[in-house]
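Q: protein14.cif (mmCIF, C-alpha atoms and all ligand atoms) pasted underneath:
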```
data_structure
loop_
_atom_site.label_atom_id
_atom_site.label_comp_id
_atom_site.auth_asym_id
_atom_site.auth_seq_id
_atom_site.Cartn_x
_atom_site.Cartn_y
_atom_site.Cartn_z
CA MET A 1 22.52 -16.93 -12.68
CA ASN A 2 21.31 -19.99 -14.57
CA ASN A 3 20.35 -20.49 -18.18
CA THR A 4 16.72 -19.39 -17.81
CA ILE A 5 17.84 -15.80 -18.49
CA ASN A 6 18.63 -15.01 -22.12
CA ASP A 7 19.50 -11.80 -23.90
CA ASN A 8 16.84 -12.40 -26.51
CA CYS A 9 13.26 -12.90 -25.32
CA ASN A 10 12.24 -14.24 -28.70
CA ASN A 11 14.57 -17.14 -28.11
CA ALA A 12 12.17 -18.77 -25.64
CA GLN A 13 12.81 -22.21 -24.25
CA GLN A 14 10.13 -24.59 -25.47
CA ILE A 15 8.97 -25.97 -22.15
CA GLU A 16 5.27 -26.59 -21.57
CA ASN A 17 3.57 -23.85 -19.54
CA ASN A 18 6.73 -21.69 -19.63
CA VAL A 19 6.34 -18.05 -20.65
CA SER A 20 8.88 -15.46 -21.72
CA LEU A 21 8.82 -11.94 -20.35
CA SER A 22 11.10 -9.01 -19.69
CA ILE A 23 11.84 -7.86 -16.13
CA ASN A 24 14.01 -4.77 -15.78
CA GLY A 25 15.26 -5.38 -19.30
CA GLN A 26 16.27 -9.01 -18.64
CA CYS A 27 14.53 -11.82 -20.46
CA ILE A 28 13.05 -14.42 -18.11
CA HIS A 29 11.60 -17.83 -18.94
CA ALA A 30 9.53 -19.37 -16.18
CA PRO A 31 6.33 -21.37 -15.55
CA ASP A 32 3.13 -19.34 -15.84
CA SER A 33 2.03 -20.45 -12.36
CA LEU A 34 4.61 -18.15 -10.76
CA SER A 35 4.32 -14.58 -9.54
CA VAL A 36 6.79 -12.00 -10.81
CA ILE A 37 8.88 -12.34 -7.65
CA GLN A 38 8.86 -16.14 -7.86
CA ALA A 39 9.84 -15.95 -11.54
CA LEU A 40 12.91 -13.93 -10.61
CA TRP A 41 13.94 -16.51 -8.02
CA TYR A 42 13.23 -19.30 -10.50
CA ALA A 43 15.52 -17.55 -12.98
CA GLY A 44 18.33 -17.50 -10.45
CA TYR A 45 18.16 -14.03 -8.99
CA PRO A 46 19.39 -14.26 -5.40
CA ARG A 47 17.42 -13.03 -2.39
CA VAL A 48 20.17 -10.59 -1.47
CA LYS A 49 17.91 -8.25 0.50
CA GLY A 50 15.16 -8.82 3.01
CA VAL A 51 12.05 -10.56 1.73
CA GLY A 52 8.82 -8.66 2.34
CA CYS A 53 5.43 -10.10 3.14
CA LEU A 54 4.92 -11.78 -0.28
CA ASP A 55 1.21 -11.36 0.43
CA GLY A 56 0.38 -7.93 -1.01
CA VAL A 57 0.55 -6.22 2.35
CA CYS A 58 3.92 -4.48 2.68
CA GLY A 59 3.76 -2.55 -0.63
CA SER A 60 7.50 -2.90 -1.29
CA CYS A 61 7.45 -4.72 -4.65
CA ARG A 62 5.89 -2.02 -6.85
CA ILE A 63 6.11 -2.65 -10.57
CA MET A 64 5.05 -1.05 -13.83
CA VAL A 65 3.57 -3.61 -16.22
CA ARG A 66 2.91 -3.47 -19.93
CA TYR A 67 1.13 -6.52 -21.33
CA ALA A 68 1.84 -8.06 -24.72
CA ASP A 69 0.15 -6.22 -27.60
CA SER A 70 -0.85 -3.33 -25.35
CA THR A 71 0.48 0.18 -24.84
CA LYS A 72 -1.29 0.59 -21.51
CA ILE A 73 0.85 0.66 -18.35
CA GLU A 74 -0.49 -0.68 -15.04
CA MET A 75 0.95 -0.37 -11.55
CA ARG A 76 0.91 -3.66 -9.65
CA LEU A 77 2.60 -5.56 -6.82
CA ALA A 78 5.13 -8.14 -8.01
CA CYS A 79 4.26 -10.68 -5.32
CA GLN A 80 0.60 -10.67 -6.40
CA LEU A 81 0.85 -10.70 -10.18
CA LEU A 82 1.16 -13.96 -12.11
CA ILE A 83 3.47 -13.78 -15.10
CA GLU A 84 2.18 -13.90 -18.67
CA GLU A 85 3.76 -14.27 -22.08
CA GLY A 86 5.21 -11.03 -23.42
CA MET A 87 4.93 -8.92 -20.28
CA ASP A 88 7.34 -6.02 -19.90
CA ILE A 89 7.97 -5.23 -16.24
CA PHE A 90 9.98 -2.62 -14.39
CA PHE A 91 10.43 -2.38 -10.65
CA THR A 92 9.99 1.11 -9.29
CA ILE A 93 11.78 2.48 -6.26
CA PHE A 94 10.04 5.37 -4.52
CA ASP A 95 11.28 6.03 -1.04
CA THR A 96 10.04 9.58 -0.76
CA PRO A 97 9.32 10.55 2.83
CA SER A 98 6.18 12.53 3.57
CA GLN A 99 6.58 16.29 3.75
CA HIS A 100 3.66 16.57 6.17
CA ARG A 101 4.29 16.72 9.90
CA TYR A 102 1.65 16.82 12.61
CA ASP A 103 1.05 15.83 16.21
CA LEU A 104 -2.46 14.59 16.98
CA SER A 105 -2.09 15.63 20.63
CA LYS A 106 -1.79 19.24 19.42
CA ILE A 107 -5.30 19.10 17.90
CA ASN A 108 -7.39 20.36 20.80
CA THR A 109 -10.77 18.76 20.09
CA SER A 110 -12.56 16.99 17.26
CA TRP A 111 -14.07 20.39 16.38
CA ASP A 112 -10.61 21.53 15.27
CA VAL A 113 -9.75 18.54 13.07
CA GLN A 114 -11.10 19.97 9.84
CA THR A 115 -9.36 23.33 10.25
CA ASP A 116 -6.09 21.70 11.22
CA PHE A 117 -6.33 19.24 8.34
CA HIS A 118 -6.46 22.12 5.87
CA LYS A 119 -3.41 23.69 7.51
CA ILE A 120 -1.42 20.44 7.46
CA PHE A 121 -2.52 19.29 3.98
CA SER A 122 -3.09 22.73 2.47
CA GLU A 123 -2.56 21.46 -1.09
CA ALA A 124 -5.42 18.91 -0.80
CA GLU A 125 -7.89 21.59 -1.91
CA ASN A 126 -5.97 21.84 -5.20
CA CYS A 127 -7.02 18.33 -6.25
CA ARG A 128 -7.55 18.44 -10.03
CA HIS A 129 -9.68 15.29 -10.08
CA CYS A 130 -7.30 13.96 -12.68
CA GLY A 131 -7.65 10.38 -11.40
CA GLY A 132 -3.90 9.80 -11.56
CA CYS A 133 -3.88 8.42 -8.02
CA ASN A 134 -6.64 5.93 -8.85
CA GLN A 135 -4.75 4.76 -11.92
CA ALA A 136 -1.58 4.30 -9.88
CA CYS A 137 -3.09 2.36 -7.00
CA PRO A 138 -2.30 -1.39 -7.16
CA LYS A 139 -4.94 -2.07 -4.50
CA GLY A 140 -7.82 -0.59 -6.50
CA ILE A 141 -8.60 2.08 -3.91
CA ASP A 142 -10.74 5.06 -4.93
CA VAL A 143 -8.01 7.40 -3.76
CA GLU A 144 -9.46 10.51 -5.38
CA GLN A 145 -12.76 10.00 -3.56
CA GLY A 146 -10.82 9.57 -0.30
CA ILE A 147 -9.26 12.99 -0.85
CA ASN A 148 -12.62 14.55 -1.69
CA LEU A 149 -14.16 13.17 1.52
CA ALA A 150 -11.25 14.38 3.65
CA ILE A 151 -11.49 17.88 2.16
CA LYS A 152 -15.15 17.94 3.27
CA GLY A 153 -14.22 16.81 6.78
CA ARG A 154 -15.72 13.34 6.34
CA PHE A 155 -12.67 11.65 7.85
CA ARG A 156 -14.33 8.41 8.95
CA GLU A 157 -15.58 7.69 5.42
CA SER A 158 -12.28 8.79 3.91
CA GLY A 159 -10.29 6.55 6.27
CA GLU A 160 -12.48 3.56 5.49
CA LEU A 161 -11.62 3.88 1.80
CA PHE A 162 -7.93 3.58 2.67
CA VAL A 163 -8.24 0.45 4.83
CA ASP A 164 -6.40 -1.69 2.25
CA CYS A 165 -3.67 0.90 1.61
CA VAL A 166 -0.19 -0.64 1.77
CA MET A 167 1.64 2.74 1.70
CA CYS A 168 3.40 1.87 -1.54
CA ASN A 169 3.59 5.61 -2.36
CA LEU A 170 2.52 5.16 -5.98
CA CYS A 171 -0.39 7.59 -5.59
CA MET A 172 1.98 10.03 -3.91
CA THR A 173 4.43 10.01 -6.78
CA SER A 174 1.68 10.27 -9.40
CA CYS A 175 -0.06 13.31 -7.91
CA PRO A 176 0.71 16.53 -9.83
CA GLU A 177 -0.34 18.63 -6.82
CA PHE A 178 1.97 16.86 -4.31
CA ILE A 179 -1.04 16.05 -2.13
CA GLU A 180 0.41 12.78 -0.77
CA PRO A 181 -3.01 11.05 -0.89
CA ASN A 182 -1.91 8.00 1.10
CA HIS A 183 -0.85 10.27 3.97
CA VAL A 184 -4.21 12.03 3.81
CA GLY A 185 -5.77 8.57 4.19
CA LEU A 186 -3.50 7.79 7.13
CA PHE A 187 -4.41 11.09 8.77
CA ALA A 188 -8.12 10.34 8.29
CA ARG A 189 -7.75 6.95 9.94
CA ARG A 190 -5.67 8.33 12.77
CA VAL A 191 -8.01 11.17 13.71
CA THR A 192 -10.99 8.83 13.52
CA GLY A 193 -9.35 6.52 16.03
CA TYR A 194 -7.90 9.31 18.17
CA PHE A 195 -11.13 11.22 18.69
CA HIS A 196 -13.48 8.26 18.69
CA THR A 197 -15.20 7.67 22.03
CA ARG A 198 -14.20 4.25 23.31
CA PRO A 199 -16.90 1.77 24.41
CA SER A 200 -18.02 2.54 27.97
CA ASN A 201 -17.71 -1.10 29.11
CA LEU A 202 -14.06 -1.10 27.99
CA ILE A 203 -13.38 2.20 29.80
CA ASN A 204 -15.04 0.92 32.98
CA ARG A 205 -13.04 -2.30 32.84
CA LEU A 206 -9.75 -0.40 32.41
CA VAL A 207 -10.62 1.91 35.33
CA LYS A 208 -11.24 -1.13 37.54
CA ILE A 209 -7.90 -2.66 36.50
CA ASN A 210 -6.03 0.59 37.13
CA THR A 211 -7.59 1.09 40.58
CA GLY A 212 -6.94 -2.54 41.56
CA GLU A 213 -10.65 -3.27 41.90
CA LEU A 214 -10.24 -5.93 39.20
CA ASP A 215 -7.25 -8.24 39.46
CA VAL A 216 -6.06 -9.54 36.08
CA ASN A 217 -3.10 -11.87 35.89
CA ILE A 218 -1.96 -11.70 32.27
CA GLU A 219 0.50 -14.61 32.61
CA ASP A 220 -2.27 -16.93 33.89
CA GLN A 221 -4.37 -15.93 30.93
CA TYR A 222 -1.65 -16.82 28.39
CA GLU A 223 -1.05 -20.18 30.10
CA GLY A 224 -4.77 -20.91 29.85
CA GLU A 225 -4.75 -20.10 26.12
CA SER A 226 -1.80 -22.37 25.36
CA SER A 227 -3.14 -25.39 27.24
S1 LIG B 1 -3.61 4.47 -1.78
FE1 LIG B 1 -1.58 5.04 -2.59
S2 LIG B 1 -0.09 4.24 -1.12
FE2 LIG B 1 -2.07 3.23 -0.72
S3 LIG B 1 -1.97 1.31 -1.88
FE3 LIG B 1 -2.98 2.85 -3.21
S4 LIG B 1 -1.29 3.77 -4.40
FE4 LIG B 1 -0.34 2.65 -2.70
S1 LIG B 2 -3.55 12.49 -8.45
FE1 LIG B 2 -3.66 14.21 -7.00
S2 LIG B 2 -4.67 15.85 -8.18
FE2 LIG B 2 -5.08 13.95 -9.29
S3 LIG B 2 -7.06 13.20 -8.46
FE3 LIG B 2 -5.44 12.23 -7.23
S4 LIG B 2 -5.18 13.58 -5.45
FE4 LIG B 2 -6.31 14.77 -7.04
#
```
What does this structure look like when you write it as structure tokens?
A:
Amino acid sequence: MNNTINDNCNNAQQIENNVSLSINGQCIHAPDSLSVIQALWYAGYPRVKGVGCLDGVCGSCRIMVRYADSTKIEMRLACQLLIEEGMDIFFTIFDTPSQHRYDLSKINTSWDVQTDFHKIFSEAENCRHCGGCNQACPKGIDVEQGINLAIKGRFRESGELFVDCVMCNLCMTSCPEFIEPNHVGLFARRVTGYFHTRPSNLINRLVKINTGELDVNIEDQYEGESS
């Protein structure tokens, strides 16, 4: 670890555009153009584990942030957030597996989806509309509305709200009713895809390929694309 980490955050190095902040209780001094993850690397923390997407997609780098002169806590992704003077940051580790199990092939028809949803996610009806899930979501998703839509059987609309979900589990851990909102969103997206009627021209094309009526040489196609 190099000398950019000090025990005392007030003892900031006077370098232009450098800021001082606390990450997991360690004082870091780094340029304000860096994200939280980059600031850690700049300060000498080794990349001892696998590096995620660094693009706000994998949802692995969940952090709690308190800004200088504020008592408000926000949940963010460390690869997406630029550092600021006086930030106080803690990484959170939530690896709670979902308690909900289901098999889409066991849902007979789309007429049964709503009934089966309420059996699988029976606690969803207990939503208190507390907004805790919305507060927790680093992607700004209206999670509570997604739950409300799913409860009403409006799975397509519910699933669309969760398109940007990175399965960081922050809404799951913040829900006092153990609803697992992100898994409700995943269910909504899955059933929408599973029971959606595919385009007829695609079905006809696949039938022709399967019966040999249409001969498709995939390798030729790839060669054509690379030339
Ligand atoms: S909906 Fe939940 S799991 Fe998805 S990004 Fe938001 S907080 Fe994370
Ligand atoms: S945190 Fe849970 S109870 Fe509160 S609004 Fe979200 S889903 Fe409903």
Q: Between atom CA of A:Ser20 and atom CA of A:Ile89, what is the distance, to one decimal in Å?
A: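 Interatomic distance here is 11.6 Å.
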Q: Dump the neighbourhood of ligand LIG 2 (chain B) as a PyMOL selection string: all residues within 10 Å, distances computed on all atoms listed in the file.
A: chain A and resi 123-136+142-148+170-182+184
Q: Go ahead and save the residues from that selection, with C-alpha atoms, as a PDB file, in the frame of the given file.
A:
```pdb
ATOM      1  CA  GLU A 123      -2.560  21.460  -1.090  1.00  0.00           C
ATOM      2  CA  ALA A 124      -5.420  18.910  -0.800  1.00  0.00           C
ATOM      3  CA  GLU A 125      -7.890  21.590  -1.910  1.00  0.00           C
ATOM      4  CA  ASN A 126      -5.970  21.840  -5.200  1.00  0.00           C
ATOM      5  CA  CYS A 127      -7.020  18.330  -6.250  1.00  0.00           C
ATOM      6  CA  ARG A 128      -7.550  18.440 -10.030  1.00  0.00           C
ATOM      7  CA  HIS A 129      -9.680  15.290 -10.080  1.00  0.00           C
ATOM      8  CA  CYS A 130      -7.300  13.960 -12.680  1.00  0.00           C
ATOM      9  CA  GLY A 131      -7.650  10.380 -11.400  1.00  0.00           C
ATOM     10  CA  GLY A 132      -3.900   9.800 -11.560  1.00  0.00           C
ATOM     11  CA  CYS A 133      -3.880   8.420  -8.020  1.00  0.00           C
ATOM     12  CA  ASN A 134      -6.640   5.930  -8.850  1.00  0.00           C
ATOM     13  CA  GLN A 135      -4.750   4.760 -11.920  1.00  0.00           C
ATOM     14  CA  ALA A 136      -1.580   4.300  -9.880  1.00  0.00           C
ATOM     15  CA  ASP A 142     -10.740   5.060  -4.930  1.00  0.00           C
ATOM     16  CA  VAL A 143      -8.010   7.400  -3.760  1.00  0.00           C
ATOM     17  CA  GLU A 144      -9.460  10.510  -5.380  1.00  0.00           C
ATOM     18  CA  GLN A 145     -12.760  10.000  -3.560  1.00  0.00           C
ATOM     19  CA  GLY A 146     -10.820   9.570  -0.300  1.00  0.00           C
ATOM     20  CA  ILE A 147      -9.260  12.990  -0.850  1.00  0.00           C
ATOM     21  CA  ASN A 148     -12.620  14.550  -1.690  1.00  0.00           C
ATOM     22  CA  LEU A 170       2.520   5.160  -5.980  1.00  0.00           C
ATOM     23  CA  CYS A 171      -0.390   7.590  -5.590  1.00  0.00           C
ATOM     24  CA  MET A 172       1.980  10.030  -3.910  1.00  0.00           C
ATOM     25  CA  THR A 173       4.430  10.010  -6.780  1.00  0.00           C
ATOM     26  CA  SER A 174       1.680  10.270  -9.400  1.00  0.00           C
ATOM     27  CA  CYS A 175      -0.060  13.310  -7.910  1.00  0.00           C
ATOM     28  CA  PRO A 176       0.710  16.530  -9.830  1.00  0.00           C
ATOM     29  CA  GLU A 177      -0.340  18.630  -6.820  1.00  0.00           C
ATOM     30  CA  PHE A 178       1.970  16.860  -4.310  1.00  0.00           C
ATOM     31  CA  ILE A 179      -1.040  16.050  -2.130  1.00  0.00           C
ATOM     32  CA  GLU A 180       0.410  12.780  -0.770  1.00  0.00           C
ATOM     33  CA  PRO A 181      -3.010  11.050  -0.890  1.00  0.00           C
ATOM     34  CA  ASN A 182      -1.910   8.000   1.100  1.00  0.00           C
ATOM     35  CA  VAL A 184      -4.210  12.030   3.810  1.00  0.00           C
TER      36      VAL A 184
END
```
Q: Residues at most 9 Å from stretch 31-39 of chain A, counting all atoms listed in the file, excluding those fewer than 6 positions away in the same chain, as a list in words?
A: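 Here the answer would be Ile15, Glu16, Asn17, Asn18, Val19, Ser20, Ile23, Tyr45, Leu54, Cys61, Leu77, Ala78, Cys79, Gln80, Leu81, Leu82, Ile83, Glu84, Glu85 and Ile89 of chain A.
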Q: For a quick check of understanding, using all atoms listed in the file, which of A:Glu74, A:Asp103, A:Asp88, A:Asp116 has the smallest distance to ligand LIG 1 (chain B)?
A: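 Of all the options, A:Glu74 lies closest to ligand LIG 1 (chain B).
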Q: Identify, on the basis of only C-alpha atoms, every residue whose closest approach to stretch 149-160 of chain A does not exceed 8 Å; exclude the query and any residue fewer than 4 positions from it along the same chain; express the result as a list of chain:residue names.
A: A:Val113, A:Gln114, A:His118, A:Ala124, A:Glu125, A:Gln145, A:Val184, A:Gly185, A:Leu186, A:Phe187, A:Ala188, A:Arg189, A:Val191, A:Thr192
Q: Figure out the distance between atom CA of A:Gly59 and atom CA of A:His183, please, to one decimal in Å.
A: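 It comes out at 14.4 Å.
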Q: Report, in Å to a single decimal, how far apart atom CA of A:Arg62 and atom CA of A:Ser22 are.
A: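 These atoms are spaced 15.5 Å apart.
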